[in-house]
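Undergrad: Below you'll find my_file.cif; it's mmCIF, C-alpha atoms.
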data_final
loop_
_atom_site.group_PDB
_atom_site.id
_atom_site.type_symbol
_atom_site.label_atom_id
_atom_site.label_comp_id
_atom_site.auth_asym_id
_atom_site.auth_seq_id
_atom_site.Cartn_x
_atom_site.Cartn_y
_atom_site.Cartn_z
ATOM 1 C CA MET A 219 185.516 96.771 69.587
ATOM 2 C CA ALA A 220 181.893 97.826 68.852
ATOM 3 C CA PRO A 221 179.971 96.014 66.107
ATOM 4 C CA ARG A 222 179.701 97.915 62.884
ATOM 5 C CA PRO A 223 176.220 99.134 61.839
ATOM 6 C CA VAL A 224 176.487 97.325 58.496
ATOM 7 C CA LEU A 225 177.223 94.052 60.282
ATOM 8 C CA VAL A 226 174.252 94.538 62.611
ATOM 9 C CA VAL A 227 171.942 95.269 59.672
ATOM 10 C CA ALA A 228 173.255 92.209 57.801
ATOM 11 C CA ILE A 229 172.648 89.971 60.822
ATOM 12 C CA VAL A 230 169.098 91.318 61.247
ATOM 13 C CA VAL A 231 168.322 90.759 57.541
ATOM 14 C CA ILE A 232 169.694 87.200 57.694
ATOM 15 C CA LEU A 233 167.642 86.422 60.797
ATOM 16 C CA LEU A 234 164.470 87.829 59.229
ATOM 17 C CA ALA A 235 165.072 85.817 56.060
ATOM 18 C CA ALA A 236 165.621 82.657 58.112
ATOM 19 C CA VAL A 237 162.223 82.997 59.823
ATOM 20 C CA PRO A 238 159.955 84.197 57.025
ATOM 21 C CA GLY A 239 156.296 84.783 57.636
ATOM 22 C CA CYS A 240 153.624 83.773 55.271
ATOM 23 C CA VAL A 241 150.472 85.208 53.806
ATOM 24 C CA GLN A 242 147.549 82.831 53.428
ATOM 25 C CA ARG A 243 144.820 83.882 50.998
ATOM 26 C CA THR A 244 141.572 81.904 50.978
ATOM 27 C CA ILE A 245 138.023 82.138 49.690
ATOM 28 C CA LYS A 246 135.165 80.175 51.256
ATOM 29 C CA ILE A 247 132.205 79.652 48.936
ATOM 30 C CA THR A 248 128.846 78.536 50.313
ATOM 31 C CA SER A 249 125.438 78.225 48.711
ATOM 32 C CA GLU A 250 121.825 77.675 49.620
ATOM 33 C CA PRO A 251 121.214 74.827 49.071
ATOM 34 C CA SER A 252 124.663 73.410 49.673
ATOM 35 C CA GLY A 253 126.233 70.798 47.411
ATOM 36 C CA ALA A 254 126.442 72.977 44.301
ATOM 37 C CA LEU A 255 129.389 72.306 41.999
ATOM 38 C CA VAL A 256 131.607 75.411 41.815
ATOM 39 C CA TRP A 257 133.863 76.692 39.039
ATOM 40 C CA LEU A 258 136.181 79.613 39.763
ATOM 41 C CA ASN A 259 137.486 81.246 36.553
ATOM 42 C CA ASP A 260 136.427 78.106 34.621
ATOM 43 C CA ARG A 261 138.357 75.794 36.976
ATOM 44 C CA GLU A 262 136.290 73.260 38.912
ATOM 45 C CA ILE A 263 137.111 73.556 42.616
ATOM 46 C CA GLY A 264 134.520 71.328 44.310
ATOM 47 C CA ARG A 265 131.082 71.379 45.905
ATOM 48 C CA THR A 266 129.810 73.923 48.394
ATOM 49 C CA PRO A 267 130.838 74.570 51.065
ATOM 50 C CA VAL A 268 134.374 74.762 49.653
ATOM 51 C CA ASP A 269 137.569 76.578 50.638
ATOM 52 C CA VAL A 270 140.136 77.477 48.003
ATOM 53 C CA GLU A 271 143.490 79.210 48.219
ATOM 54 C CA PHE A 272 144.269 81.943 45.712
ATOM 55 C CA VAL A 273 147.307 83.951 44.665
ATOM 56 C CA HIS A 274 145.958 87.010 42.848
ATOM 57 C CA TYR A 275 143.447 89.547 44.093
ATOM 58 C CA GLY A 276 140.708 90.866 41.838
ATOM 59 C CA THR A 277 137.340 89.839 40.437
ATOM 60 C CA TYR A 278 136.711 86.147 39.858
ATOM 61 C CA ASP A 279 134.104 84.525 37.605
ATOM 62 C CA VAL A 280 131.963 82.150 39.658
ATOM 63 C CA ARG A 281 129.650 79.449 38.301
ATOM 64 C CA LEU A 282 127.480 77.239 40.522
ATOM 65 C CA VAL A 283 125.476 74.269 39.221
ATOM 66 C CA ARG A 284 123.168 71.885 41.067
ATOM 67 C CA ASP A 285 120.500 69.502 39.771
ATOM 68 C CA GLY A 286 117.022 70.950 40.139
ATOM 69 C CA TYR A 287 118.307 74.549 40.302
ATOM 70 C CA GLU A 288 119.110 77.239 37.774
ATOM 71 C CA ALA A 289 122.819 77.560 37.003
ATOM 72 C CA LEU A 290 124.236 80.718 38.562
ATOM 73 C CA LEU A 291 126.824 82.735 36.646
ATOM 74 C CA THR A 292 128.164 85.605 38.721
ATOM 75 C CA SER A 293 131.372 87.101 40.063
ATOM 76 C CA GLY A 294 133.104 87.601 43.374
ATOM 77 C CA ASP A 295 135.565 90.280 44.458
ATOM 78 C CA ALA A 296 138.728 89.546 46.406
ATOM 79 C CA MET A 297 140.281 92.924 47.138
ATOM 80 C CA PRO A 298 143.633 93.129 48.949
ATOM 81 C CA PRO A 299 143.911 94.349 52.524
ATOM 82 C CA TRP A 300 146.098 97.426 53.090
ATOM 83 C CA TRP A 301 149.131 95.330 54.051
ATOM 84 C CA ASP A 302 148.986 93.247 50.858
ATOM 85 C CA ASN A 303 149.349 96.016 48.268
ATOM 86 C CA VAL A 304 152.366 96.553 46.012
ATOM 87 C CA GLY A 305 155.428 97.357 48.100
ATOM 88 C CA LEU A 306 153.907 96.495 51.438
ATOM 89 C CA ASP A 307 153.357 92.900 50.324
ATOM 90 C CA LEU A 308 157.118 92.310 50.125
ATOM 91 C CA VAL A 309 157.484 93.441 53.720
ATOM 92 C CA ALA A 310 154.502 91.264 54.750
ATOM 93 C CA GLU A 311 156.114 88.192 53.157
ATOM 94 C CA VAL A 312 159.451 88.761 54.947
ATOM 95 C CA LEU A 313 158.148 89.612 58.425
ATOM 96 C CA PRO A 314 157.833 86.632 60.767
ATOM 97 C CA LEU A 315 154.061 86.967 60.922
ATOM 98 C CA GLU A 316 151.213 84.694 59.912
ATOM 99 C CA LEU A 317 148.946 86.996 57.898
ATOM 100 C CA THR A 318 145.615 85.842 56.471
ATOM 101 C CA SER A 319 143.345 87.290 53.865
ATOM 102 C CA HIS A 320 139.986 85.492 53.892
ATOM 103 C CA PHE A 321 136.792 86.088 51.913
ATOM 104 C CA ASP A 322 133.356 84.515 52.420
ATOM 105 C CA TRP A 323 131.084 84.382 49.389
ATOM 106 C CA HIS A 324 127.520 83.066 49.745
ATOM 107 C CA PHE A 325 125.161 82.471 46.826
ATOM 108 C CA GLU A 326 121.437 81.642 46.687
ATOM 109 C CA LEU A 327 120.335 79.232 43.954
ATOM 110 C CA GLU A 328 116.877 79.499 42.400
ATOM 111 C CA PRO A 329 114.830 76.318 41.798
ATOM 112 C CA ALA A 330 114.705 75.369 38.131
ATOM 113 C CA GLU A 331 111.388 75.438 36.358
ATOM 114 C CA THR A 332 110.852 71.926 35.072
ATOM 115 C CA GLU A 333 109.359 71.138 31.672
ATOM 116 C CA VAL A 334 106.188 69.872 33.377
ATOM 117 C CA GLU A 335 105.782 73.134 35.297
ATOM 118 C CA ALA A 336 106.481 75.143 32.135
ATOM 119 C CA GLY A 337 103.929 73.053 30.194
ATOM 120 C CA ARG A 338 101.353 73.456 32.967
ATOM 121 C CA ALA A 339 101.824 77.243 33.003
ATOM 122 C CA GLU A 340 101.451 77.360 29.218
ATOM 123 C CA LEU A 341 98.266 75.256 29.404
ATOM 124 C CA VAL A 342 96.758 77.563 32.055
ATOM 125 C CA ASP A 343 97.622 80.620 29.926
ATOM 126 C CA ARG A 344 95.923 79.068 26.862
ATOM 127 C CA ALA A 345 92.852 78.120 28.935
ATOM 128 C CA ASN A 346 92.573 81.672 30.285
ATOM 129 C CA ALA A 347 92.859 83.078 26.747
ATOM 130 C CA ILE A 348 90.082 80.754 25.527
ATOM 131 C CA ARG A 349 87.891 81.683 28.526
ATOM 132 C CA GLU A 350 88.334 85.402 27.760
ATOM 133 C CA ARG A 351 87.598 84.876 24.062
ATOM 134 C CA LEU A 352 84.418 82.887 24.857
ATOM 135 C CA ALA A 353 83.297 85.567 27.311
ATOM 136 C CA GLU A 354 83.817 88.252 24.649
ATOM 137 C CA GLU A 355 81.878 86.203 22.072
ATOM 138 C CA ALA A 356 79.014 85.660 24.538
ATOM 139 C CA MET A 357 78.862 89.418 25.200
ATOM 140 C CA ALA A 358 78.859 90.108 21.448
ATOM 141 C CA ASP A 359 75.968 87.669 20.844
ATOM 142 C CA ARG A 360 73.707 89.444 23.352
#
Write out the structure in this file as structure tokens.
TA:
Amino acid sequence: MAPRPVLVVAIVVILLAAVPGCVQRTIKITSEPSGALVWLNDREIGRTPVDVEFVHYGTYDVRLVRDGYEALLTSGDAMPPWWDNVGLDLVAEVLPLELTSHFDWHFELEPAETEVEAGRAELVDRANAIRERLAEEAMADR
């Protein structure tokens, strides 16, 4: 007696469900200099370099903070690969495959201008203004 097609399909579905694959989604965030504290969508995730798993694709708010550097408020995009779009993602989860979706985001931090440097720049600007005014007055007196 030949196996029935429905029985064969049922056995295949059960076997596929017993050995499910998985989709791993990760973002690696690095910075120059390293060691910046990172928040992803207002959730602290650690210091650079840092790897974080995520569930949802899209645009993420990224904040990096490090002493001596300007805080960086920006965003990062994590767009799905073709096999992880609606409909296909269900098949990707069931297939006995190890699929990965990985993003590398790198950010450059700018050195912070300290109060001393800001005060020095202001002092130089005032001195230059006085020098120009004195030069104009000397020209007017001639």
Undergrad: Just the residues within 9 Å of Thr318 (chain A), please, counting only C-alpha atoms, with nothing from its chain fewer than 2 positions along; format it as a ChimeraX atom specification.
TA: /A:240-244,316,320
Undergrad: Would you list the contacts of Gly276 (chain A) as a list in words, taking every protein, DNA or RNA residue within 12 Å and counting only C-alpha atoms, but skipping same-chain residues closer than 3 positions in sequence?
TA: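 Here the qualifying residues turn out to be Asn259, Phe272, Val273, Asp279, Ser293, Gly294, Asp295, Ala296, Met297, Pro298, Pro299, Asn303 and Phe321 of chain A.
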Undergrad: Separation of CA of Leu258 (chain A) and CA of Glu328 (chain A), in Å?
TA: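 Answer for the CA of Leu258 (chain A) to CA of Glu328 (chain A) separation: 19.5 Å.
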Undergrad: Determine the nearest neighbour of Glu288 (chain A) from the options A:Asp269, A:Glu262, A:Glu355, A:Glu331, counting only C-alpha atoms.
TA: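 Checking each candidate against Glu288 (chain A), we get A:Glu331 as the closest.
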Undergrad: I'd like the interatomic distance between CA of Gly337 (chain A) and CA of Arg351 (chain A), to a tenth of an Å.
TA: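 Taking CA of Gly337 (chain A) as the start and CA of Arg351 (chain A) as the end point, the length is 21.1 Å.
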Undergrad: Which residues fall under the PyMOL selection byres ((chain A and resi 256) around 6) in this file, as number ranges by chain?
TA: A: 255, 257, 262-265, 281-282
Undergrad: Axis-aligned box over every listed atom of region 250-254 of chain A, padded by 3 Å per side: centre and edges in Å to one decimal, as lines of an AutoDock Vina configuration file?
TA:
center_x = 123.8
center_y = 74.2
center_z = 47.0
size_x = 11.2
size_y = 12.9
size_z = 11.4
Undergrad: What separation in Å, quoted to one decimal, exists between CA of Glu271 (chain A) and CA of Ser319 (chain A)?
TA: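 We find that CA of Glu271 (chain A) and CA of Ser319 (chain A) lie 9.9 Å from each other.
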Undergrad: Between A:Tyr275, A:Ala345, A:Tyr287, A:Thr292, single out the one closest to Asp260 (chain A), counting only C-alpha atoms.
TA: A:Thr292
Undergrad: Evaluate the PyMOL selection byres ((chain A and resi 253) around 6) here and jot the selected residues down as a list of chain:residue names.
TA: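 Applied to this file, the PyMOL selection byres ((chain A and resi 253) around 6) returns A:Ser252, A:Ala254, A:Arg265, A:Thr266.
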Undergrad: Mind checking which residues fall within 9 Å of Val268 (chain A), counting all atoms listed in the file, ignoring those fewer than 6 positions away in the same chain, and posting them as an mmCIF file with C-alpha atoms, keeping the file's coordinate frame?
TA:
data_model
loop_
_atom_site.group_PDB
_atom_site.id
_atom_site.type_symbol
_atom_site.label_atom_id
_atom_site.label_comp_id
_atom_site.auth_asym_id
_atom_site.auth_seq_id
_atom_site.Cartn_x
_atom_site.Cartn_y
_atom_site.Cartn_z
ATOM 1 C CA ILE A 245 138.023 82.138 49.690
ATOM 2 C CA LYS A 246 135.165 80.175 51.256
ATOM 3 C CA ILE A 247 132.205 79.652 48.936
ATOM 4 C CA THR A 248 128.846 78.536 50.313
ATOM 5 C CA VAL A 256 131.607 75.411 41.815
#
Undergrad: Just checking: using only C-alpha atoms, which residue out of A:Leu341, A:Val280, A:Ala330, A:Ala353 ends up closest to Arg261 (chain A)?
TA: A:Val280
